[in-house]
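This is data_11.tsv (TSV, C-alpha atoms).
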chain	number	residue	atom	x	y	z
A	21	MET	CA	44.93	-26.02	127.91
A	22	ARG	CA	41.35	-25.26	127.06
A	23	ASN	CA	39.14	-27.86	125.43
A	24	PRO	CA	37.79	-26.20	122.26
A	25	LEU	CA	34.79	-28.56	122.24
A	26	ARG	CA	33.68	-27.86	125.80
A	27	SER	CA	30.28	-26.71	124.61
A	28	GLU	CA	28.44	-26.08	121.36
A	29	ALA	CA	29.16	-22.35	121.61
A	30	GLU	CA	32.88	-22.97	122.09
A	31	ALA	CA	32.93	-25.53	119.26
A	32	TYR	CA	31.33	-22.90	117.01
A	33	ARG	CA	33.92	-20.34	118.06
A	34	PHE	CA	36.68	-22.88	117.35
A	35	LEU	CA	35.17	-23.45	113.91
A	36	GLY	CA	35.38	-19.70	113.30
A	37	VAL	CA	39.08	-19.73	114.19
A	38	VAL	CA	39.65	-22.73	111.89
A	39	ILE	CA	37.87	-20.91	109.04
A	40	VAL	CA	40.11	-17.86	109.50
A	41	GLY	CA	43.18	-20.12	109.52
A	42	ALA	CA	41.99	-21.95	106.39
A	43	ALA	CA	41.35	-18.61	104.65
A	44	LEU	CA	44.94	-17.55	105.36
A	45	ILE	CA	46.25	-20.86	104.00
A	46	ILE	CA	44.10	-20.62	100.87
A	47	ALA	CA	45.16	-17.02	100.23
A	48	ALA	CA	48.84	-17.98	100.53
A	49	ALA	CA	48.34	-21.11	98.42
A	50	TYR	CA	46.93	-19.06	95.54
A	51	ALA	CA	50.14	-17.06	95.46
A	52	ASN	CA	52.37	-20.09	95.80
A	53	LYS	CA	51.61	-23.65	96.85
A	54	TRP	CA	54.65	-23.88	99.15
A	55	ALA	CA	53.75	-20.55	100.72
A	56	GLY	CA	50.39	-22.17	101.54
A	57	VAL	CA	52.19	-25.08	103.20
A	58	ALA	CA	54.35	-22.66	105.19
A	59	VAL	CA	51.29	-20.69	106.31
A	60	ALA	CA	49.56	-23.99	107.23
A	61	VAL	CA	52.44	-24.86	109.56
A	62	VAL	CA	52.29	-21.39	111.12
A	63	VAL	CA	48.50	-21.65	111.50
A	64	PHE	CA	48.71	-25.06	113.20
A	65	VAL	CA	51.39	-23.83	115.62
A	66	GLY	CA	49.37	-20.68	116.25
A	67	LEU	CA	46.23	-22.71	116.90
A	68	GLY	CA	48.07	-24.87	119.43
A	69	TRP	CA	49.51	-21.80	121.13
A	70	TRP	CA	46.07	-20.16	121.31
A	71	LEU	CA	44.52	-23.24	122.89
A	72	ARG	CA	47.31	-23.36	125.46
A	73	GLN	CA	46.95	-19.67	126.30
A	74	GLU	CA	43.15	-19.68	126.51
A	75	PRO	CA	42.18	-19.58	130.15
A	76	VAL	CA	40.08	-22.47	131.41
A	77	PRO	CA	36.72	-21.03	132.55
A	78	GLY	CA	36.60	-20.62	136.31
A	79	ALA	CA	40.24	-21.61	136.88
A	80	ALA	CA	41.30	-18.09	137.85
A	81	ASP	CA	38.22	-17.35	139.94
A	82	HIS	CA	38.70	-16.75	143.63
A	83	ALA	CA	37.34	-19.34	146.02
A	84	PRO	CA	33.79	-18.49	147.08
A	85	VAL	CA	33.58	-16.95	150.52
A	86	LEU	CA	31.66	-19.32	152.74
A	87	ALA	CA	30.00	-17.88	155.80
A	88	SER	CA	29.81	-20.10	158.85
A	89	SER	CA	26.30	-20.87	159.97
A	90	THR	CA	27.37	-22.37	163.27
A	91	PRO	CA	25.20	-21.22	166.20
A	92	PRO	CA	27.04	-19.49	169.10
A	93	GLY	CA	28.69	-21.95	171.48
A	94	MET	CA	28.95	-24.68	168.90
A	95	ARG	CA	31.94	-25.73	166.78
A	96	ARG	CA	31.71	-27.69	163.59
A	97	VAL	CA	34.68	-29.44	162.07
A	98	LEU	CA	34.93	-31.08	158.69
A	99	VAL	CA	37.59	-33.78	158.51
A	100	VAL	CA	38.96	-35.07	155.21
A	101	ALA	CA	40.34	-38.58	155.56
A	102	PRO	CA	41.60	-40.40	152.46
A	103	PRO	CA	40.85	-44.12	152.03
A	104	GLY	CA	43.09	-46.26	154.24
A	105	THR	CA	43.01	-43.81	157.16
A	106	GLU	CA	42.87	-45.87	160.35
A	107	ALA	CA	42.53	-43.19	163.02
A	108	VAL	CA	41.47	-39.55	163.19
A	109	SER	CA	41.81	-37.27	166.21
A	110	VAL	CA	38.92	-34.84	166.42
A	111	PRO	CA	38.51	-31.83	168.76
A	112	ASP	CA	36.51	-32.48	171.91
A	113	GLY	CA	33.00	-31.08	171.99
A	114	ALA	CA	32.88	-30.35	168.28
A	115	GLU	CA	30.28	-31.54	165.85
A	116	VAL	CA	32.25	-33.58	163.35
A	117	LEU	CA	31.64	-34.67	159.78
A	118	VAL	CA	34.27	-36.91	158.23
A	119	VAL	CA	34.49	-37.06	154.44
A	120	VAL	CA	36.33	-39.93	152.81
A	121	PRO	CA	36.99	-38.90	149.18
A	122	ALA	CA	36.89	-41.82	146.77
A	123	LEU	CA	40.38	-40.96	145.46
A	124	ALA	CA	40.87	-42.25	141.93
A	125	ALA	CA	43.59	-42.11	139.31
A	126	THR	CA	43.14	-39.55	136.52
A	127	VAL	CA	42.05	-42.13	133.95
A	128	GLU	CA	39.64	-43.73	136.42
A	129	ALA	CA	38.15	-40.34	137.28
A	130	LEU	CA	37.83	-39.27	133.65
A	131	THR	CA	36.17	-42.50	132.60
A	132	GLY	CA	33.99	-42.74	135.70
A	133	ALA	CA	35.48	-46.17	136.54
A	134	VAL	CA	35.54	-45.38	140.24
A	135	ASP	CA	33.51	-48.29	141.61
A	136	ASP	CA	36.52	-50.01	143.23
A	137	ARG	CA	37.75	-46.72	144.68
A	138	ARG	CA	34.31	-46.06	146.17
A	139	HIS	CA	34.32	-49.50	147.75
A	140	ASP	CA	37.70	-48.67	149.35
A	141	ALA	CA	36.32	-45.35	150.58
A	142	GLU	CA	33.16	-47.02	151.92
A	143	ALA	CA	35.27	-49.57	153.84
A	144	THR	CA	37.34	-46.76	155.40
A	145	ALA	CA	34.18	-44.79	156.19
A	146	ALA	CA	32.61	-47.80	157.92
A	147	ALA	CA	35.79	-48.39	159.98
A	148	LEU	CA	36.05	-44.72	161.01
A	149	GLU	CA	32.38	-44.55	161.91
A	150	SER	CA	32.79	-47.40	164.37
A	151	ARG	CA	35.83	-45.66	165.96
A	152	LEU	CA	34.31	-42.17	166.13
A	153	PRO	CA	31.05	-42.35	168.05
A	154	GLY	CA	28.97	-39.24	167.48
A	155	ALA	CA	30.70	-38.31	164.24
A	156	ARG	CA	29.06	-38.60	160.88
A	157	VAL	CA	31.18	-40.24	158.15
A	158	VAL	CA	30.35	-39.98	154.45
A	159	VAL	CA	32.02	-40.92	151.17
A	160	GLY	CA	32.79	-37.99	148.87
A	161	ALA	CA	33.74	-37.31	145.27
A	162	ASP	CA	37.01	-38.58	143.79
A	163	ASP	CA	38.48	-35.05	143.97
A	164	PRO	CA	39.12	-34.11	147.64
A	165	ALA	CA	38.48	-30.39	147.03
A	166	LEU	CA	35.21	-31.21	145.29
A	167	ALA	CA	34.26	-33.57	148.13
A	168	VAL	CA	34.88	-30.75	150.62
A	169	GLU	CA	32.81	-28.30	148.56
A	170	ASP	CA	29.97	-30.82	148.39
A	171	ALA	CA	30.12	-31.44	152.15
A	172	LEU	CA	30.21	-27.72	153.00
A	173	ARG	CA	26.94	-27.20	151.17
A	174	MET	CA	25.23	-29.39	153.78
A	175	PHE	CA	27.52	-28.91	156.76
A	176	GLY	CA	28.52	-25.35	157.61
A	177	ALA	CA	31.92	-26.12	159.13
A	178	ASP	CA	34.13	-23.61	160.93
A	179	GLU	CA	37.30	-25.29	159.79
A	180	VAL	CA	38.58	-28.18	157.71
A	181	LEU	CA	41.08	-30.69	159.05
A	182	VAL	CA	42.99	-32.69	156.44
A	183	VAL	CA	44.57	-36.07	157.12
A	184	GLY	CA	46.05	-36.35	153.61
A	185	ASP	CA	49.31	-35.09	152.11
A	186	ASP	CA	50.43	-31.51	151.39
A	187	GLY	CA	49.07	-31.59	147.84
A	188	MET	CA	45.60	-32.43	149.12
A	189	LEU	CA	45.88	-29.75	151.80
A	190	GLU	CA	46.83	-27.06	149.28
A	191	ALA	CA	44.19	-28.15	146.77
A	192	ILE	CA	41.48	-27.81	149.42
A	193	ARG	CA	42.92	-24.53	150.72
A	194	ASP	CA	42.73	-23.09	147.18
A	195	ARG	CA	39.05	-23.90	146.89
A	196	VAL	CA	37.50	-22.99	150.23
A	197	ALA	CA	37.49	-19.78	152.22
A	198	ILE	CA	37.45	-21.22	155.76
A	199	PRO	CA	40.57	-22.24	157.73
A	200	VAL	CA	42.16	-25.45	156.46
A	201	ARG	CA	44.86	-27.17	158.49
A	202	ARG	CA	46.44	-30.54	159.00
A	203	ALA	CA	44.62	-32.88	161.39
B	262	MET	CA	12.02	-49.57	157.62
B	263	SER	CA	8.78	-47.64	157.43
B	264	ALA	CA	5.89	-48.91	155.34
B	265	ALA	CA	6.34	-46.08	152.83
B	266	ALA	CA	10.08	-46.70	152.46
B	267	HIS	CA	9.43	-50.42	152.13
B	268	ALA	CA	6.89	-49.80	149.38
B	269	GLU	CA	9.24	-47.39	147.61
B	270	ALA	CA	12.08	-49.94	147.70
B	271	HIS	CA	9.83	-52.53	146.10
B	272	GLU	CA	8.45	-50.18	143.46
B	273	ARG	CA	11.89	-49.09	142.19
B	274	HIS	CA	12.95	-51.15	139.20
B	275	GLY	CA	16.11	-51.40	137.13
B	276	PRO	CA	19.74	-50.95	138.16
B	277	PRO	CA	20.75	-48.71	141.07
B	278	GLU	CA	21.39	-45.02	140.48
B	279	PRO	CA	24.82	-44.53	138.86
B	280	HIS	CA	27.51	-42.50	140.55
B	281	TYR	CA	30.21	-40.71	138.60
B	282	SER	CA	32.56	-37.77	138.82
B	283	SER	CA	30.52	-34.57	138.78
B	284	ARG	CA	33.15	-32.77	136.70
B	285	ILE	CA	32.06	-34.20	133.39
B	286	LYS	CA	28.80	-35.76	132.29
B	287	PRO	CA	29.05	-39.31	130.91
B	288	GLU	CA	27.24	-38.43	127.67
B	289	THR	CA	29.62	-35.51	127.05
B	290	LEU	CA	32.60	-37.73	127.83
B	291	GLY	CA	31.22	-40.30	125.39
B	292	MET	CA	31.10	-37.70	122.63
B	293	TYR	CA	34.66	-36.57	123.45
B	294	LEU	CA	35.96	-40.15	123.25
B	295	PHE	CA	34.08	-40.65	120.01
B	296	ILE	CA	35.55	-37.47	118.52
B	297	ALA	CA	39.03	-38.48	119.75
B	298	SER	CA	38.70	-41.81	117.94
B	299	GLU	CA	37.50	-39.95	114.84
B	300	ILE	CA	40.53	-37.65	114.91
B	301	MET	CA	42.78	-40.72	115.03
B	302	LEU	CA	40.88	-42.26	112.11
B	303	PHE	CA	41.20	-39.09	110.03
B	304	GLY	CA	44.83	-38.90	111.11
B	305	SER	CA	45.55	-42.31	109.60
B	306	PHE	CA	43.96	-41.28	106.31
B	307	PHE	CA	45.88	-38.00	106.25
B	308	THR	CA	49.07	-39.96	106.91
B	309	ALA	CA	48.32	-42.00	103.77
B	310	TYR	CA	47.63	-38.76	101.88
B	311	PHE	CA	50.92	-37.16	102.91
B	312	PHE	CA	52.80	-40.38	102.17
B	313	VAL	CA	51.37	-40.61	98.65
B	314	ARG	CA	51.81	-36.94	97.88
B	315	ILE	CA	55.06	-35.98	99.59
B	316	VAL	CA	57.04	-39.16	100.21
B	317	ASN	CA	55.95	-40.87	96.99
B	318	GLY	CA	55.83	-37.62	94.99
B	319	THR	CA	52.56	-38.43	93.24
B	320	PRO	CA	51.34	-35.37	91.24
B	321	TRP	CA	48.21	-33.89	92.81
B	322	PRO	CA	45.91	-34.16	90.93
B	323	THR	CA	47.53	-36.71	88.67
B	324	PRO	CA	47.12	-35.61	85.00
B	325	PRO	CA	44.82	-35.79	83.11
B	326	TYR	CA	42.39	-35.65	86.05
B	327	HIS	CA	41.06	-32.47	87.62
B	328	LEU	CA	39.70	-31.86	91.08
B	329	PRO	CA	36.13	-30.47	91.20
B	330	VAL	CA	37.24	-27.42	93.19
B	331	PHE	CA	34.19	-25.29	92.33
B	332	VAL	CA	31.66	-27.81	93.66
B	333	ALA	CA	33.79	-28.38	96.75
B	334	THR	CA	33.93	-24.61	97.39
B	335	ILE	CA	30.14	-24.34	97.13
B	336	ASN	CA	29.87	-27.32	99.48
B	337	THR	CA	32.23	-25.62	101.92
B	338	PHE	CA	29.97	-22.57	102.08
B	339	ILE	CA	26.91	-24.82	102.53
B	340	LEU	CA	28.55	-26.62	105.44
B	341	MET	CA	29.77	-23.40	107.07
B	342	THR	CA	26.26	-21.97	106.84
B	343	SER	CA	24.84	-25.15	108.35
B	344	SER	CA	27.11	-24.66	111.37
B	345	ALA	CA	25.70	-21.15	111.75
B	346	THR	CA	22.12	-22.50	111.73
B	347	MET	CA	23.15	-25.21	114.21
B	348	HIS	CA	24.51	-22.50	116.48
B	349	TRP	CA	21.30	-20.53	116.02
B	350	ALA	CA	19.27	-23.61	117.01
B	351	THR	CA	21.28	-24.07	120.22
B	352	GLN	CA	21.18	-20.42	121.15
B	353	SER	CA	17.43	-20.34	120.48
B	354	ILE	CA	16.61	-23.21	122.81
B	355	LYS	CA	18.87	-21.73	125.49
B	356	ARG	CA	16.62	-18.67	125.39
B	357	GLY	CA	13.50	-20.84	125.35
B	358	ASN	CA	12.73	-20.15	121.68
B	359	VAL	CA	11.49	-23.60	120.64
B	360	TRP	CA	10.50	-22.61	117.10
B	361	GLY	CA	13.89	-20.99	116.51
B	362	MET	CA	15.51	-24.28	117.53
B	363	ARG	CA	13.22	-26.31	115.28
B	364	ALA	CA	13.86	-24.01	112.29
B	365	GLY	CA	17.62	-24.06	112.96
B	366	LEU	CA	17.76	-27.86	113.18
B	367	LEU	CA	15.64	-28.32	110.08
B	368	LEU	CA	17.78	-25.90	108.06
B	369	THR	CA	20.95	-27.60	109.31
B	370	PHE	CA	19.59	-30.99	108.29
B	371	LEU	CA	18.59	-29.75	104.83
B	372	MET	CA	21.97	-28.15	104.24
B	373	GLY	CA	23.75	-31.30	105.37
B	374	LEU	CA	21.59	-33.26	102.96
B	375	ALA	CA	22.42	-30.80	100.17
B	376	PHE	CA	26.13	-31.23	100.93
B	377	LEU	CA	25.92	-35.01	100.79
B	378	THR	CA	23.82	-35.02	97.62
B	379	SER	CA	26.13	-32.66	95.75
B	380	GLN	CA	29.12	-34.73	96.89
B	381	LEU	CA	27.51	-37.84	95.40
B	382	PHE	CA	26.96	-35.99	92.10
B	383	GLU	CA	30.57	-34.79	92.28
B	384	TYR	CA	31.69	-38.42	92.58
B	385	MET	CA	29.61	-39.48	89.59
B	386	ARG	CA	31.00	-36.66	87.43
B	387	ALA	CA	34.60	-36.86	88.68
B	388	GLY	CA	35.79	-38.86	85.67
B	389	PHE	CA	38.05	-41.12	87.72
B	390	ASN	CA	37.67	-43.90	90.24
B	391	THR	CA	39.73	-45.82	92.76
B	392	SER	CA	41.21	-48.10	90.09
B	393	ASN	CA	42.98	-45.13	88.47
B	394	GLY	CA	45.88	-44.95	90.90
B	395	ALA	CA	46.94	-43.56	94.26
B	396	PHE	CA	45.58	-40.05	93.79
B	397	PRO	CA	41.94	-41.05	93.16
B	398	THR	CA	42.13	-43.67	95.91
B	399	ILE	CA	43.24	-41.19	98.54
B	400	PHE	CA	40.82	-38.57	97.21
B	401	PHE	CA	37.83	-40.91	97.53
B	402	CYS	CA	39.00	-42.27	100.88
B	403	LEU	CA	39.42	-38.86	102.51
B	404	THR	CA	36.33	-37.20	101.07
B	405	GLY	CA	34.32	-40.42	101.44
B	406	LEU	CA	35.34	-40.79	105.08
B	407	HIS	CA	34.15	-37.25	105.67
B	408	GLY	CA	30.95	-38.00	103.75
B	409	VAL	CA	30.28	-40.92	106.11
B	410	HIS	CA	30.67	-38.52	109.03
B	411	VAL	CA	28.21	-36.12	107.45
B	412	PHE	CA	25.81	-39.07	107.11
B	413	VAL	CA	26.26	-39.91	110.81
B	414	GLY	CA	25.78	-36.22	111.64
B	415	LEU	CA	22.61	-36.18	109.53
B	416	SER	CA	21.31	-39.22	111.40
B	417	ILE	CA	21.95	-37.46	114.72
B	418	LEU	CA	20.32	-34.30	113.33
B	419	ALA	CA	17.30	-36.29	112.19
B	420	PHE	CA	16.80	-37.65	115.73
B	421	MET	CA	17.36	-34.20	117.21
B	422	THR	CA	14.87	-32.61	114.82
B	423	ILE	CA	12.20	-35.25	115.50
B	424	ARG	CA	12.70	-34.84	119.23
B	425	ALA	CA	12.58	-31.06	118.84
B	426	PHE	CA	9.22	-31.24	117.06
B	427	ARG	CA	7.95	-33.62	119.75
B	428	GLY	CA	8.75	-31.05	122.40
B	429	HIS	CA	11.56	-32.94	124.11
B	430	PHE	CA	13.83	-29.91	124.57
B	431	SER	CA	13.44	-26.80	126.68
B	432	ALA	CA	15.57	-23.92	127.96
B	433	GLU	CA	16.50	-26.06	130.99
B	434	HIS	CA	16.84	-29.40	129.21
B	435	HIS	CA	18.63	-29.30	125.85
B	436	HIS	CA	21.71	-31.46	126.34
B	437	GLY	CA	20.78	-33.49	123.24
B	438	VAL	CA	20.98	-30.39	121.04
B	439	GLU	CA	24.23	-29.25	122.64
B	440	ILE	CA	26.05	-32.54	122.08
B	441	GLY	CA	24.74	-32.97	118.54
B	442	GLY	CA	25.92	-29.42	117.84
B	443	ILE	CA	29.43	-30.20	119.05
B	444	TYR	CA	29.57	-33.17	116.68
B	445	TRP	CA	28.25	-31.13	113.74
B	446	HIS	CA	30.86	-28.41	114.26
B	447	PHE	CA	33.53	-31.10	114.50
B	448	VAL	CA	32.39	-32.50	111.13
B	449	ASP	CA	32.58	-28.97	109.71
B	450	VAL	CA	36.08	-28.42	111.09
B	451	MET	CA	37.20	-31.72	109.52
B	452	TRP	CA	35.75	-30.68	106.16
B	453	ILE	CA	37.67	-27.42	106.21
B	454	VAL	CA	40.86	-29.38	106.88
B	455	VAL	CA	40.01	-31.87	104.09
B	456	TYR	CA	39.02	-29.09	101.67
B	457	THR	CA	42.16	-27.06	102.32
B	458	THR	CA	44.46	-30.07	102.15
B	459	VAL	CA	42.95	-32.02	99.26
B	460	TYR	CA	41.50	-29.32	97.02
B	461	ILE	CA	43.61	-26.23	97.65
B	462	LEU	CA	47.17	-27.13	98.63
Write the structure described by the file as C-alpha cells, please.
Amino acid sequence: MRNPLRSEAEAYRFLGVVIVGAALIIAAAYANKWAGVAVAVVVFVGLGWWLRQEPVPGAADHAPVLASSTPPGMRRVLVVAPPGTEAVSVPDGAEVLVVVPALAATVEALTGAVDDRRHDAEATAAALESRLPGARVVVGADDPALAVEDALRMFGADEVLVVGDDGMLEAIRDRVAIPVRRA
Amino acid sequence: MSAAAHAEAHERHGPPEPHYSSRIKPETLGMYLFIASEIMLFGSFFTAYFFVRIVNGTPWPTPPYHLPVFVATINTFILMTSSATMHWATQSIKRGNVWGMRAGLLLTFLMGLAFLTSQLFEYMRAGFNTSNGAFPTIFFCLTGLHGVHVFVGLSILAFMTIRAFRGHFSAEHHHGVEIGGIYWHFVDVMWIVVYTTVYIL
C-alpha cells in the first residue's frame, strides 16, 4: 500500500483525487441525499483500492548491478552475521568484512528506538572481532539488506555470505547483484 | 589519539550524533504520527456526528436553522486554491526559484487567513450556538476542530514564510517547506471531508 502523504507532491495529488471523489458525492447528493451516501461509500472503497494498487516507488525496480572492484588475485567476502552469532567460518586468504545488522522489530525500526538493538549488535561485533583476527567487523542498519547495501558502497565484495535465516538470505539476494549464499 | 583529534573531541559540544533507520527521516515520521493522531481525533468527532444524525435521527440541519452553505463553498474554493499555491511554492524551491517559493507561501498564508476570518464571520452570523441542541453542537465541534487545524497550519506557514524570506531554504535544502506542505494538504483534505459531510450530505 502506498502512503499518499509520502511527499508534498504526492499529498497534493491525493488532494486532487479527494476533490474528484467529493465532486462525485456532491453531484449525487444534489439528485438525492441517499444517492450521495451511496456514492460516498463507493468513493471510499475506491480510494482504498487505489491506494492498495498504487505501486510503491522503487519496489519493482531491479537490484542495481554492482561491479566488483577487487584487484586480480584478491578475494573479498562480505559476511552478514545477525546479533547473537558466536562463530563465523570465513574463506582462507580472503579479505573479510563482517556486518552485524542491528535487527529491530518493525515498531522499533519505524520509531527509531533501536538503541538497545544496536548495543546487542555492538556486543556481537566486539565478540566476533576478537575471534576473527584480520577481519573487519562493523554494525549495520536494522534492515539486513540495507546494511549490506551500505557496506558494499565501501567494500567491493565478490560475494556475500549470510549467517541468518532463509528470509534474510532472500531479502539480501533480492537487493544485490553479486552472489549471495549461506555461510 | 593525535593532538588534532584530541582537540576536536574537546571542542564538540552537546549530545552525540543520533543514529536512526535511514528509511525514514525522524522529522517526517513525526509529521506522520501527528497526522495519524489528528485522523483519530477527527474520527472521534465524526463518530459523534454519525451517532447524532443517523443513530439518533436528528434532522440536519434542525429546523428552523440553516447551514451557511454558500460561505462554506466559497471557503472550499479558497482552501483548494491555497493548496495549489502551496504546491507551487514547493515546486519553485525544488527548481531553485526562491521568489516563487516566497510568493507561493505568502499567498497560501493569506488564503488560509481569509478562510479562517470568513469562518469566524460565518459563526457570528449563523444564528445558532452550542446551547441550541445536538446539531449546532456537532456543527461547531467539527468545523471548529478544523478551524483549529487551519490555525496550526497558519502558524506553521508563518514560520515557513519568515524562514523563506530569511533565505533558509534552497533547492537542496527545503525539507521545512515539504513537511509544512504535507500538513497543509492534509488540512485541505479534512476540510473537503467536513464540507461534504456536514454541508452537503
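Using all atoms listed in the file for every distance, the candidate list B:Thr334, B:Thr342, B:Thr351, B:Ser392 yields B:Thr351 as the residue closest to chain A.
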Separating CA of Ala29 (chain A) from CA of Met292 (chain B), to the nearest tenth of an Å, is a gap of 15.5 Å
Counting only C-alpha atoms, collect the residues of chain A whose closest atom lies at most 8 Å from chain B, and write them out as a list in words.
Leu25, Ser27, Glu28, Ala29, Ala31, Tyr32, Leu35, Val38, Ile39, Ala42, Ile45, Ile46, Ala49, Lys53, Gly56, Val57, Ala129, Leu130, Thr131, Gly132, Ala133, Val134, Ala161 and Asp162 of chain A
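Rounded to one decimal, CA of Ala309 (chain B) and CA of Val411 (chain B) lie 21.3 Å from each other.
Distances to Arg22 (chain A) were evaluated for A:Ala147, A:Val97, A:Leu152, A:Leu67 using only C-alpha atoms, and the minimum falls at A:Leu67.
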Within 9 Å of Phe400 (chain B) using only C-alpha atoms, minus same-chain residues under 4 positions, as a PyMOL selection string
chain B and resi 310+391+395-396+404-405+459
Taking all atoms of region 49-68 of chain A that the file lists and extending 6 Å past them on each side, where is the centre of the axis-aligned box and how long are its edges? Answer in Å to one decimal, as AutoDock Vina command-line options.
--center_x 50.4 --center_y -21.1 --center_z 107.4 --size_x 20.4 --size_y 20.0 --size_z 36.0
10 Å contact set for Leu98 (chain A), only C-alpha atoms, chain neighbours under 4 positions out, as a PyMOL selection string
chain A and resi 110+114-119+156-157+168+171-172+175-182+200
What does the distance from CA of Val108 (chain A) to CA of Thr90 (chain A) come to in Å, to one decimal?
22.2 Å
Minimum-distance residue to Pro24 (chain A), chosen among A:Val196, A:Val40, A:Ala60, A:Leu71 (using all atoms listed in the file)
A:Leu71
Residues within 12 Å of (13.9, -26.6, 107.3), file coords, all atoms listed in the file, listed as a tab-separated table (two decimals) with C-alpha atoms, in the frame of the given file:
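Final output, saved to part07.tsv:
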chain	number	residue	atom	x	y	z
B	343	SER	CA	24.84	-25.15	108.35
B	346	THR	CA	22.12	-22.50	111.73
B	347	MET	CA	23.15	-25.21	114.21
B	350	ALA	CA	19.27	-23.61	117.01
B	360	TRP	CA	10.50	-22.61	117.10
B	361	GLY	CA	13.89	-20.99	116.51
B	362	MET	CA	15.51	-24.28	117.53
B	363	ARG	CA	13.22	-26.31	115.28
B	364	ALA	CA	13.86	-24.01	112.29
B	365	GLY	CA	17.62	-24.06	112.96
B	366	LEU	CA	17.76	-27.86	113.18
B	367	LEU	CA	15.64	-28.32	110.08
B	368	LEU	CA	17.78	-25.90	108.06
B	369	THR	CA	20.95	-27.60	109.31
B	370	PHE	CA	19.59	-30.99	108.29
B	371	LEU	CA	18.59	-29.75	104.83
B	372	MET	CA	21.97	-28.15	104.24
B	373	GLY	CA	23.75	-31.30	105.37
B	374	LEU	CA	21.59	-33.26	102.96
B	375	ALA	CA	22.42	-30.80	100.17
B	418	LEU	CA	20.32	-34.30	113.33
B	419	ALA	CA	17.30	-36.29	112.19
B	422	THR	CA	14.87	-32.61	114.82
B	426	PHE	CA	9.22	-31.24	117.06
Could you name the residues that touch Ile192 (chain A) at 7 Å or less, counting only C-alpha atoms, but leaving out those on the same chain fewer than 4 positions away, as a JSON list (two decimals) with C-alpha atoms, in the frame of the given file?
[["chain", "number", "residue", "atom", "x", "y", "z"],
["A", 164, "PRO", "CA", 39.12, -34.11, 147.64],
["A", 165, "ALA", "CA", 38.48, -30.39, 147.03],
["A", 188, "MET", "CA", 45.60, -32.43, 149.12],
["A", 196, "VAL", "CA", 37.50, -22.99, 150.23]]
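Proximity ranking of A:Glu74, A:Asp163, A:Asp140, A:Glu106 relative to Glu30 (chain A) places A:Glu74 first, based on only C-alpha atoms.
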Would you pick out the contacts of Pro102 (chain A) at 7 Å or less, using all atoms listed in the file, so that residues sharing its chain but fewer than 4 positions from it are not included, and give the list as a ChimeraX atom specification?
/A:120-121,184
Resulting file, chosen residues, C-alpha atoms, as a PDB file, keeping the file's coordinate frame:
ATOM      1  CA  VAL A 120      36.330 -39.930 152.810  1.00  0.00           C
ATOM      2  CA  PRO A 121      36.990 -38.900 149.180  1.00  0.00           C
ATOM      3  CA  GLY A 184      46.050 -36.350 153.610  1.00  0.00           C
TER       4      GLY A 184
END
Is it possible to add N, CA and C atoms to region 173-184 of chain A and hand it back as a short mmCIF file (atom, residue, chain, number, x, y, z; two decimals), keeping the file's coordinate frame?
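Now in part-v7.cif:
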data_model
loop_
_atom_site.label_atom_id
_atom_site.label_comp_id
_atom_site.auth_asym_id
_atom_site.auth_seq_id
_atom_site.Cartn_x
_atom_site.Cartn_y
_atom_site.Cartn_z
N ARG A 173 28.28 -27.66 151.54
CA ARG A 173 26.94 -27.20 151.17
C ARG A 173 25.89 -27.71 152.16
N MET A 174 26.20 -28.81 152.83
CA MET A 174 25.23 -29.39 153.78
C MET A 174 25.67 -29.22 155.22
N PHE A 175 26.96 -28.95 155.41
CA PHE A 175 27.52 -28.91 156.76
C PHE A 175 28.37 -27.65 156.88
N GLY A 176 27.82 -26.63 157.50
CA GLY A 176 28.52 -25.35 157.61
C GLY A 176 29.64 -25.41 158.63
N ALA A 177 30.80 -25.91 158.20
CA ALA A 177 31.92 -26.12 159.13
C ALA A 177 32.65 -24.82 159.42
N ASP A 178 33.30 -24.76 160.58
CA ASP A 178 34.13 -23.61 160.93
C ASP A 178 35.56 -23.79 160.44
N GLU A 179 35.96 -25.03 160.31
CA GLU A 179 37.30 -25.29 159.79
C GLU A 179 37.36 -26.70 159.18
N VAL A 180 38.39 -26.89 158.38
CA VAL A 180 38.58 -28.18 157.71
C VAL A 180 39.90 -28.77 158.20
N LEU A 181 39.86 -29.99 158.64
CA LEU A 181 41.08 -30.69 159.05
C LEU A 181 41.39 -31.76 158.00
N VAL A 182 42.63 -31.78 157.53
CA VAL A 182 42.99 -32.69 156.44
C VAL A 182 43.98 -33.73 156.95
N VAL A 183 43.66 -34.99 156.72
CA VAL A 183 44.57 -36.07 157.12
C VAL A 183 45.57 -36.36 156.00
N GLY A 184 45.23 -35.99 154.77
CA GLY A 184 46.05 -36.35 153.61
C GLY A 184 47.36 -35.58 153.50
#
